[in-house]
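File shown here: upload_19.csv, holding CSV, C-alpha atoms (C1' of nucleotides).
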```csv
chain,number,residue,atom,x,y,z
A,1,MET,CA,-18.7,7.7,10.6
A,2,ALA,CA,-16.5,9.1,13.3
A,3,LEU,CA,-14.8,5.7,13.9
A,4,VAL,CA,-13.4,5.8,10.4
A,5,ARG,CA,-12.2,9.4,10.8
A,6,LEU,CA,-10.6,8.6,14.1
A,7,SER,CA,-8.9,5.5,12.6
A,8,THR,CA,-7.6,7.6,9.7
A,9,LEU,CA,-6.2,10.1,12.2
A,10,VAL,CA,-4.4,7.4,14.1
A,11,GLN,CA,-3.1,5.8,11.0
A,12,SER,CA,-1.8,9.1,9.8
A,13,VAL,CA,0.1,9.6,13.1
A,14,PHE,CA,1.5,6.1,12.7
A,15,THR,CA,2.6,6.8,9.1
A,16,GLN,CA,4.1,10.2,9.8
A,17,VAL,CA,6.1,9.0,12.7
A,18,ALA,CA,7.4,6.0,10.7
A,19,ASP,CA,8.3,8.4,7.9
A,20,ARG,CA,10.2,10.6,10.3
A,21,HIS,CA,12.2,7.5,11.3
A,22,GLY,CA,12.8,6.5,7.7
A,23,LEU,CA,10.6,3.5,8.0
A,24,PRO,CA,7.8,2.4,5.6
A,25,PRO,CA,4.8,1.8,7.8
A,26,SER,CA,4.7,-2.0,7.2
A,27,GLN,CA,8.3,-2.3,8.3
A,28,ALA,CA,7.6,-0.2,11.4
A,29,ARG,CA,4.7,-2.5,12.2
A,30,MET,CA,6.9,-5.6,11.7
A,31,LEU,CA,9.7,-4.2,13.9
A,32,CYS,CA,7.2,-3.5,16.7
A,33,VAL,CA,6.0,-7.1,16.5
A,34,LEU,CA,9.6,-8.4,16.6
A,35,ALA,CA,10.4,-6.1,19.6
A,36,GLY,CA,8.0,-8.3,21.5
A,37,ARG,CA,10.0,-11.4,20.6
A,38,PRO,CA,11.8,-13.1,17.7
A,39,SER,CA,9.4,-14.9,15.4
A,40,ARG,CA,9.4,-17.4,12.7
A,41,MET,CA,8.2,-16.3,9.2
A,42,ALA,CA,4.8,-18.0,9.6
A,43,GLU,CA,4.3,-16.4,13.0
A,44,LEU,CA,5.3,-13.0,11.6
A,45,ALA,CA,2.8,-13.4,8.8
A,46,ARG,CA,0.0,-14.1,11.2
A,47,ALA,CA,1.0,-11.2,13.5
A,48,CYS,CA,1.3,-8.8,10.7
A,49,GLY,CA,-1.9,-10.0,9.0
A,50,VAL,CA,-0.3,-10.7,5.6
A,51,GLU,CA,0.5,-13.8,3.6
A,52,LYS,CA,3.8,-15.6,4.1
A,53,ALA,CA,5.1,-14.6,0.7
A,54,ALA,CA,4.7,-11.0,1.6
A,55,VAL,CA,6.7,-11.5,4.8
A,56,THR,CA,9.6,-12.8,2.7
A,57,GLY,CA,9.8,-9.5,1.0
A,58,LEU,CA,9.3,-7.4,4.2
A,59,VAL,CA,12.0,-9.3,5.9
A,60,ASP,CA,14.3,-9.1,2.9
A,61,ARG,CA,14.1,-5.4,2.8
A,62,ALA,CA,14.5,-4.9,6.5
A,63,GLU,CA,17.4,-7.4,6.6
A,64,ARG,CA,19.1,-5.5,3.8
A,65,ARG,CA,19.0,-2.4,6.0
A,66,GLY,CA,20.5,-4.2,8.9
A,67,LEU,CA,17.4,-4.0,11.1
A,68,LEU,CA,16.9,-7.7,11.6
A,69,LEU,CA,18.4,-11.0,10.7
A,70,ARG,CA,17.4,-14.6,10.0
A,71,SER,CA,18.9,-17.4,12.0
A,72,PRO,CA,18.4,-21.2,11.8
A,73,VAL,CA,16.0,-22.9,14.1
A,74,PRO,CA,17.6,-25.9,15.8
A,75,GLY,CA,15.6,-29.0,15.1
A,76,ASP,CA,13.8,-27.7,12.0
A,77,ARG,CA,16.0,-26.9,9.0
A,78,ARG,CA,13.1,-25.6,7.0
A,79,ALA,CA,12.5,-22.7,9.4
A,80,SER,CA,14.0,-19.3,10.1
A,81,LEU,CA,13.9,-17.3,13.3
A,82,VAL,CA,13.8,-13.6,12.6
A,83,SER,CA,15.3,-11.3,15.3
A,84,LEU,CA,15.9,-7.6,15.6
A,85,THR,CA,19.5,-6.4,15.5
A,86,PRO,CA,20.6,-3.8,18.0
A,87,PRO,CA,19.9,-1.0,15.4
A,88,GLY,CA,16.5,-2.7,14.7
A,89,LEU,CA,15.6,-2.7,18.4
A,90,SER,CA,16.6,0.9,18.7
A,91,ALA,CA,14.5,1.9,15.8
A,92,ALA,CA,11.5,-0.1,17.0
A,93,THR,CA,11.8,1.4,20.5
A,94,ALA,CA,12.2,4.9,19.3
A,95,PHE,CA,9.3,4.6,16.9
A,96,HIS,CA,7.0,3.0,19.4
A,97,GLN,CA,7.7,5.6,22.0
A,98,GLU,CA,7.1,8.5,19.6
A,99,VAL,CA,3.8,7.0,18.5
A,100,THR,CA,2.7,6.6,22.1
A,101,GLU,CA,3.7,10.2,22.9
A,102,HIS,CA,1.7,11.6,20.1
A,103,LEU,CA,-1.4,9.6,20.9
A,104,ASP,CA,-1.1,10.3,24.6
A,105,GLN,CA,-0.9,13.9,23.8
A,106,LEU,CA,-4.1,13.6,21.7
A,107,LEU,CA,-5.9,11.8,24.5
A,108,ALA,CA,-4.7,14.4,27.0
A,109,GLY,CA,-7.2,16.8,25.5
A,110,LEU,CA,-10.0,14.7,26.9
A,111,GLY,CA,-9.5,15.3,30.6
A,112,GLU,CA,-8.8,12.6,33.1
A,113,THR,CA,-12.3,11.2,33.7
A,114,ASP,CA,-13.3,11.1,30.1
A,115,ARG,CA,-10.0,9.6,29.2
A,116,ALA,CA,-10.6,6.7,31.6
A,117,PHE,CA,-14.0,6.2,30.3
A,118,PHE,CA,-12.9,6.3,26.7
A,119,ALA,CA,-10.2,3.8,27.4
A,120,ALA,CA,-12.7,1.4,28.9
A,121,ALA,CA,-15.0,1.8,26.0
A,122,MET,CA,-12.2,1.0,23.5
A,123,ASP,CA,-11.3,-2.1,25.5
A,124,ALA,CA,-14.9,-3.1,25.4
A,125,LEU,CA,-15.0,-2.6,21.6
A,126,LEU,CA,-11.8,-4.6,21.1
A,127,ARG,CA,-13.1,-7.4,23.3
A,128,SER,CA,-16.4,-7.5,21.5
A,129,ALA,CA,-14.6,-7.7,18.2
A,130,GLY,CA,-14.0,-11.2,19.4
A,131,PRO,CA,-11.0,-13.5,19.7
A,132,ASP,CA,-11.2,-14.1,15.9
A,133,ARG,CA,-9.6,-10.7,15.5
A,134,ALA,CA,-7.4,-10.8,18.5
A,135,ARG,CA,-4.5,-12.0,16.5
A,136,GLU,CA,-4.9,-9.4,13.8
A,137,LEU,CA,-5.0,-6.8,16.4
A,138,GLN,CA,-1.6,-7.7,17.6
A,139,ALA,CA,-0.5,-6.8,14.1
A,140,ASP,CA,-1.0,-3.2,14.8
A,141,GLY,CA,2.6,-3.3,15.9
A,142,THR,CA,2.2,-1.6,19.3
A,143,ARG,CA,1.5,-3.3,22.5
B,1,MET,CA,-1.9,1.4,22.9
B,2,ALA,CA,-5.6,0.7,22.5
B,3,LEU,CA,-6.1,3.5,20.0
B,4,VAL,CA,-3.8,1.8,17.5
B,5,ARG,CA,-5.5,-1.5,18.0
B,6,LEU,CA,-8.9,0.1,17.5
B,7,SER,CA,-7.6,1.9,14.4
B,8,THR,CA,-6.3,-1.4,13.0
B,9,LEU,CA,-9.6,-3.1,13.6
B,10,VAL,CA,-11.5,-0.3,11.8
B,11,GLN,CA,-9.1,-0.4,8.9
B,12,SER,CA,-9.4,-4.1,8.6
B,13,VAL,CA,-13.2,-3.7,8.4
B,14,PHE,CA,-12.7,-1.1,5.7
B,15,THR,CA,-10.3,-3.3,3.7
B,16,GLN,CA,-12.3,-6.4,4.0
B,17,VAL,CA,-15.5,-4.8,2.9
B,18,ALA,CA,-13.7,-3.1,0.0
B,19,ASP,CA,-12.3,-6.5,-0.9
B,20,ARG,CA,-15.8,-8.1,-0.8
B,21,HIS,CA,-16.9,-5.4,-3.3
B,22,GLY,CA,-13.9,-6.0,-5.5
B,23,LEU,CA,-12.3,-2.6,-4.7
B,24,PRO,CA,-8.8,-1.8,-3.7
B,25,PRO,CA,-9.1,0.2,-0.4
B,26,SER,CA,-7.7,3.4,-2.0
B,27,GLN,CA,-10.2,3.2,-4.8
B,28,ALA,CA,-13.0,2.6,-2.3
B,29,ARG,CA,-11.9,5.7,-0.4
B,30,MET,CA,-11.8,7.8,-3.6
B,31,LEU,CA,-15.3,6.6,-4.6
B,32,CYS,CA,-16.7,7.7,-1.3
B,33,VAL,CA,-15.1,11.1,-1.7
B,34,LEU,CA,-16.6,11.4,-5.1
B,35,ALA,CA,-20.0,10.3,-3.9
B,36,GLY,CA,-20.1,13.5,-2.0
B,37,ARG,CA,-19.5,15.6,-5.1
B,38,PRO,CA,-17.6,15.5,-8.4
B,39,SER,CA,-14.1,16.9,-7.9
B,40,ARG,CA,-11.2,18.2,-9.9
B,41,MET,CA,-7.9,16.2,-9.7
B,42,ALA,CA,-6.2,18.6,-7.3
B,43,GLU,CA,-9.3,18.6,-5.0
B,44,LEU,CA,-9.3,14.8,-5.1
B,45,ALA,CA,-5.6,14.7,-4.2
B,46,ARG,CA,-6.2,16.9,-1.2
B,47,ALA,CA,-9.3,15.0,-0.1
B,48,CYS,CA,-7.5,11.6,-0.4
B,49,GLY,CA,-4.3,12.8,1.2
B,50,VAL,CA,-2.1,11.9,-1.7
B,51,GLU,CA,0.0,13.7,-4.4
B,52,LYS,CA,-1.7,14.7,-7.6
B,53,ALA,CA,0.4,12.3,-9.6
B,54,ALA,CA,-0.9,9.4,-7.5
B,55,VAL,CA,-4.5,10.6,-8.3
B,56,THR,CA,-3.8,10.3,-12.0
B,57,GLY,CA,-3.2,6.6,-11.5
B,58,LEU,CA,-6.1,6.1,-9.1
B,59,VAL,CA,-8.5,7.8,-11.5
B,60,ASP,CA,-7.0,5.9,-14.5
B,61,ARG,CA,-7.6,2.6,-12.9
B,62,ALA,CA,-11.1,3.4,-11.8
B,63,GLU,CA,-12.0,4.9,-15.1
B,64,ARG,CA,-10.8,1.8,-16.9
B,65,ARG,CA,-13.3,-0.1,-14.7
B,66,GLY,CA,-16.1,2.3,-15.7
B,67,LEU,CA,-16.6,3.6,-12.1
B,68,LEU,CA,-16.0,7.2,-13.0
B,69,LEU,CA,-15.2,9.6,-15.8
B,70,ARG,CA,-13.3,12.7,-16.6
B,71,SER,CA,-15.1,15.6,-18.2
B,72,PRO,CA,-13.9,19.0,-19.3
B,73,VAL,CA,-14.3,22.0,-17.0
B,74,PRO,CA,-15.8,25.0,-18.9
B,75,GLY,CA,-13.6,28.0,-18.6
B,76,ASP,CA,-10.4,26.1,-17.8
B,77,ARG,CA,-9.1,23.8,-20.5
B,78,ARG,CA,-6.3,22.5,-18.3
B,79,ALA,CA,-8.7,21.0,-15.7
B,80,SER,CA,-10.8,17.8,-15.5
B,81,LEU,CA,-13.8,17.2,-13.4
B,82,VAL,CA,-14.0,13.6,-12.1
B,83,SER,CA,-17.5,12.2,-11.5
B,84,LEU,CA,-18.9,8.8,-10.6
B,85,THR,CA,-20.7,6.9,-13.3
B,86,PRO,CA,-24.0,5.2,-12.2
B,87,PRO,CA,-22.1,1.9,-11.5
B,88,GLY,CA,-19.5,3.9,-9.6
B,89,LEU,CA,-22.2,5.5,-7.5
B,90,SER,CA,-23.8,2.2,-6.8
B,91,ALA,CA,-20.5,0.8,-5.8
B,92,ALA,CA,-19.7,3.7,-3.5
B,93,THR,CA,-23.1,3.6,-1.9
B,94,ALA,CA,-23.1,-0.1,-1.3
B,95,PHE,CA,-19.6,0.0,0.1
B,96,HIS,CA,-20.3,2.9,2.4
B,97,GLN,CA,-23.5,1.3,3.7
B,98,GLU,CA,-21.8,-2.0,4.4
B,99,VAL,CA,-18.9,-0.3,6.3
B,100,THR,CA,-21.4,1.6,8.3
B,101,GLU,CA,-23.4,-1.5,9.1
B,102,HIS,CA,-20.4,-3.3,10.3
B,103,LEU,CA,-19.2,-0.5,12.5
B,104,ASP,CA,-22.6,0.2,13.9
B,105,GLN,CA,-22.9,-3.4,14.8
B,106,LEU,CA,-19.5,-3.2,16.6
B,107,LEU,CA,-20.7,-0.1,18.5
B,108,ALA,CA,-24.0,-1.7,19.4
B,109,GLY,CA,-22.0,-3.8,21.8
B,110,LEU,CA,-21.5,-0.7,24.0
B,111,GLY,CA,-25.1,0.0,25.0
B,112,GLU,CA,-26.9,3.2,24.3
B,113,THR,CA,-25.5,5.5,27.0
B,114,ASP,CA,-21.9,4.4,26.6
B,115,ARG,CA,-22.2,4.7,22.8
B,116,ALA,CA,-23.4,8.3,23.1
B,117,PHE,CA,-20.5,9.1,25.4
B,118,PHE,CA,-18.1,7.3,23.2
B,119,ALA,CA,-19.3,9.3,20.1
B,120,ALA,CA,-18.9,12.5,22.0
B,121,ALA,CA,-15.4,11.6,23.0
B,122,MET,CA,-14.4,10.7,19.5
B,123,ASP,CA,-15.8,14.1,18.3
B,124,ALA,CA,-13.7,15.8,20.9
B,125,LEU,CA,-10.6,14.0,19.8
B,126,LEU,CA,-11.2,14.8,16.2
B,127,ARG,CA,-11.8,18.4,17.0
B,128,SER,CA,-8.7,18.7,19.1
B,129,ALA,CA,-6.7,17.2,16.3
B,130,GLY,CA,-7.2,20.6,14.9
B,131,PRO,CA,-8.3,22.0,11.5
B,132,ASP,CA,-4.8,21.2,10.2
B,133,ARG,CA,-5.9,17.7,10.0
B,134,ALA,CA,-9.6,18.4,9.1
B,135,ARG,CA,-8.9,18.0,5.4
B,136,GLU,CA,-7.0,14.7,5.8
B,137,LEU,CA,-9.8,13.4,7.8
B,138,GLN,CA,-12.3,13.8,5.0
B,139,ALA,CA,-10.0,11.5,3.1
B,140,ASP,CA,-11.2,8.6,5.1
B,141,GLY,CA,-13.9,8.3,2.5
B,142,THR,CA,-16.9,8.1,4.7
B,143,ARG,CA,-19.0,11.0,5.9
C,1,DT,C1',2.2,-36.3,2.5
C,2,DA,C1',2.4,-32.0,5.0
C,3,DT,C1',4.8,-28.0,6.3
C,4,DT,C1',8.2,-24.0,5.9
C,5,DG,C1',9.7,-20.7,3.4
C,6,DT,C1',11.0,-18.8,-1.3
C,7,DT,C1',10.3,-17.6,-6.1
C,8,DA,C1',7.7,-16.0,-10.0
C,9,DT,C1',4.2,-13.1,-11.6
C,10,DA,C1',1.1,-9.4,-11.6
C,11,DC,C1',-1.2,-5.5,-9.6
C,12,DT,C1',-2.0,-1.4,-6.7
C,13,DC,C1',-0.2,2.5,-4.5
C,14,DT,C1',2.9,6.1,-3.6
C,15,DA,C1',6.5,9.9,-4.1
C,16,DT,C1',9.6,12.9,-6.8
C,17,DA,C1',10.8,15.2,-10.7
C,18,DA,C1',10.3,16.6,-15.4
C,19,DC,C1',7.1,17.8,-18.7
C,20,DT,C1',2.8,19.7,-21.6
C,21,DA,C1',-0.9,22.6,-22.2
C,22,DT,C1',-3.2,26.4,-20.6
C,23,DA,C1',-4.0,30.6,-17.7
D,1,DT,C1',5.3,33.0,-14.8
D,2,DA,C1',2.1,30.1,-12.5
D,3,DT,C1',-1.2,26.3,-12.4
D,4,DA,C1',-3.6,21.7,-13.8
D,5,DG,C1',-2.7,17.5,-14.9
D,6,DT,C1',0.3,13.8,-17.0
D,7,DT,C1',4.3,11.0,-17.7
D,8,DA,C1',8.6,8.8,-16.3
D,9,DT,C1',10.9,6.5,-12.9
D,10,DA,C1',11.6,3.9,-8.9
D,11,DG,C1',10.3,1.4,-5.0
D,12,DA,C1',7.2,-0.6,-1.4
D,13,DG,C1',3.5,-3.7,-0.5
D,14,DT,C1',0.4,-7.3,-1.5
D,15,DA,C1',-1.9,-11.8,-3.3
D,16,DT,C1',-1.8,-16.1,-5.7
D,17,DA,C1',0.3,-20.1,-7.5
D,18,DA,C1',4.1,-23.0,-8.2
D,19,DC,C1',8.2,-24.7,-6.2
D,20,DA,C1',12.3,-26.6,-3.1
D,21,DA,C1',13.8,-28.5,1.0
D,22,DT,C1',12.7,-30.7,5.0
D,23,DA,C1',9.6,-33.0,8.3
```
Write out the structure in this file as structure tokens.
Amino acid sequence: MALVRLSTLVQSVFTQVADRHGLPPSQARMLCVLAGRPSRMAELARACGVEKAAVTGLVDRAERRGLLLRSPVPGDRRASLVSLTPPGLSAATAFHQEVTEHLDQLLAGLGETDRAFFAAAMDALLRSAGPDRARELQADGTR
Amino acid sequence: MALVRLSTLVQSVFTQVADRHGLPPSQARMLCVLAGRPSRMAELARACGVEKAAVTGLVDRAERRGLLLRSPVPGDRRASLVSLTPPGLSAATAFHQEVTEHLDQLLAGLGETDRAFFAAAMDALLRSAGPDRARELQADGTR
DNA sequence: TATTGTTATACTCTATAACTATA
DNA sequence: TATAGTTATAGAGTATAACAATA
């Protein structure tokens, strides 16, 4: 099944780039989500496709490294808003850019016409996966 | 980057199907590798894209569940040959078939012509990733 | 009562380095 | 000496269930 092989290839690019940036893949994914906008824990759990208890650990580790921070949410003292620190934003940006470069380079092998067609086909597949999965898909960490 | 979203979608299918079969994704991947042929530990490490020490643990856990077994290799008393048991083969087969079904159903949304084109483009991408990655790609567990 | 997030617990997965047995 | 595999160690990631604080 070529789809699985292609997926494995993309994941391996993602993992290797994260590694080069000193980031565990799950943290890289989370940083990319947060680069979009600060989020509360529950939101982050949904966007990353994991349980809220897992997010506590992810955020703890990233916070320990100074990549993000929790701040209070005015009006709801139960909640926390998680935001990237400047180093966290740098890391997210650099990581995202390098992943994009690698994948663009891979796609460049297709030639312009085929590449456009391929992109359209991917969009069609992603759309047909349905809105049920739309949220999960954001969890890939790149946008 | 649609490639990452597509990859995430495929991985989520892989993981959810594995889950439904009571298999951790890494074990599902390993079982699919072994469904191709029995392998020695080092071979399995290469095919799964992990270090040999990690394979010891993977095989230990799967062996405990009766999905595979280690047997001696005639002529080299250091080595072990890992083979699926009948339940292991059943699990691998059922898992692989269900993943294939799900992905085929996804691709069915494309229509016949587009699907053929898309498959050709994927093949081109996989080829252009080069033989360096050819081994890793087998590690996706489906063939 | 319901929701937000954390803690407790238990696995799986992984890498690195050191080790054993065999080649 | 070199190779095949295991063990030891450490850490990340995850889920489930129980909990505290707040709404």
Query raised in the report: In Å to one decimal, how far is atom CA of Ser26 of chain B from atom CA of Arg40 of chain B?
Result: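 Interatomic distance here is 17.1 Å.
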Query raised in the report: Expressed in Å to a single decimal, how great is the separation between atom CA of Ala42 of chain A and atom C1' of DT3 of chain C?
Result: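 Spanning atom CA of Ala42 of chain A to atom C1' of DT3 of chain C is a straight-line distance of 10.5 Å.
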Query raised in the report: Given the choices B:Ser39, B:Ser80, B:Thr93, B:Gln11, which gets closest to DT6 of chain D if the distance is worked out from all atoms listed in the file?
Result: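 The closest residue to DT6 of chain D is B:Ser80.
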Query raised in the report: Which residue gives the smallest distance to Met41 of chain A among C:DT1, C:DT6, C:DT12, C:DT20, with only C-alpha atoms (C1' of nucleotides) counted?
Result: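 Among the listed residues, C:DT6 lies closest to Met41 of chain A.
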Report task. Return the single residue from D:DT22, D:DT16, D:DT1, D:DT7 that is closest to chain B, with distances computed using only C-alpha atoms (C1' of nucleotides). Result -> D:DT7
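Near chain B, within 9 Å and counting only C-alpha atoms (C1' of nucleotides), the residues of chain D are DT3, DA4, DG5 and DT6 of chain D.
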Report task. Take the point (3.8, 3.9, -2.6) as written in the file and pick out every residue within 8 Å of it, counting all atoms listed in the file; give the list as a PyMOL selection string. Result -> (chain C and resi 13-15) or (chain D and resi 11-13)
Query - Interface, chain A side, toward chain B (10 Å; all atoms listed in the file) as number ranges by chain - result: A: 1-14, 49, 96, 99-100, 103-104, 106-110, 114-115, 117-129, 133-134, 136-143
Query raised in the report: Quick one, how far is atom CA of His102 of chain A from atom CA of Gly36 of chain A?
Result: 20.9 Å
Requested in this report: Would you list the contacts of Val59 of chain B as JSON, numbers by chain, taking every protein, DNA or RNA residue within 9 Å and counting only C-alpha atoms (C1' of nucleotides), but skipping same-chain residues closer than 2 positions in sequence?
Outcome: {"B": [27, 30, 41, 54, 55, 56, 57, 61, 62, 63, 64, 68, 69, 70, 82]}
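Distance check against DT14 of chain D using all atoms listed in the file: of A:Val50, A:Ala35, A:Leu44, A:Ala18, the minimum falls on A:Val50.
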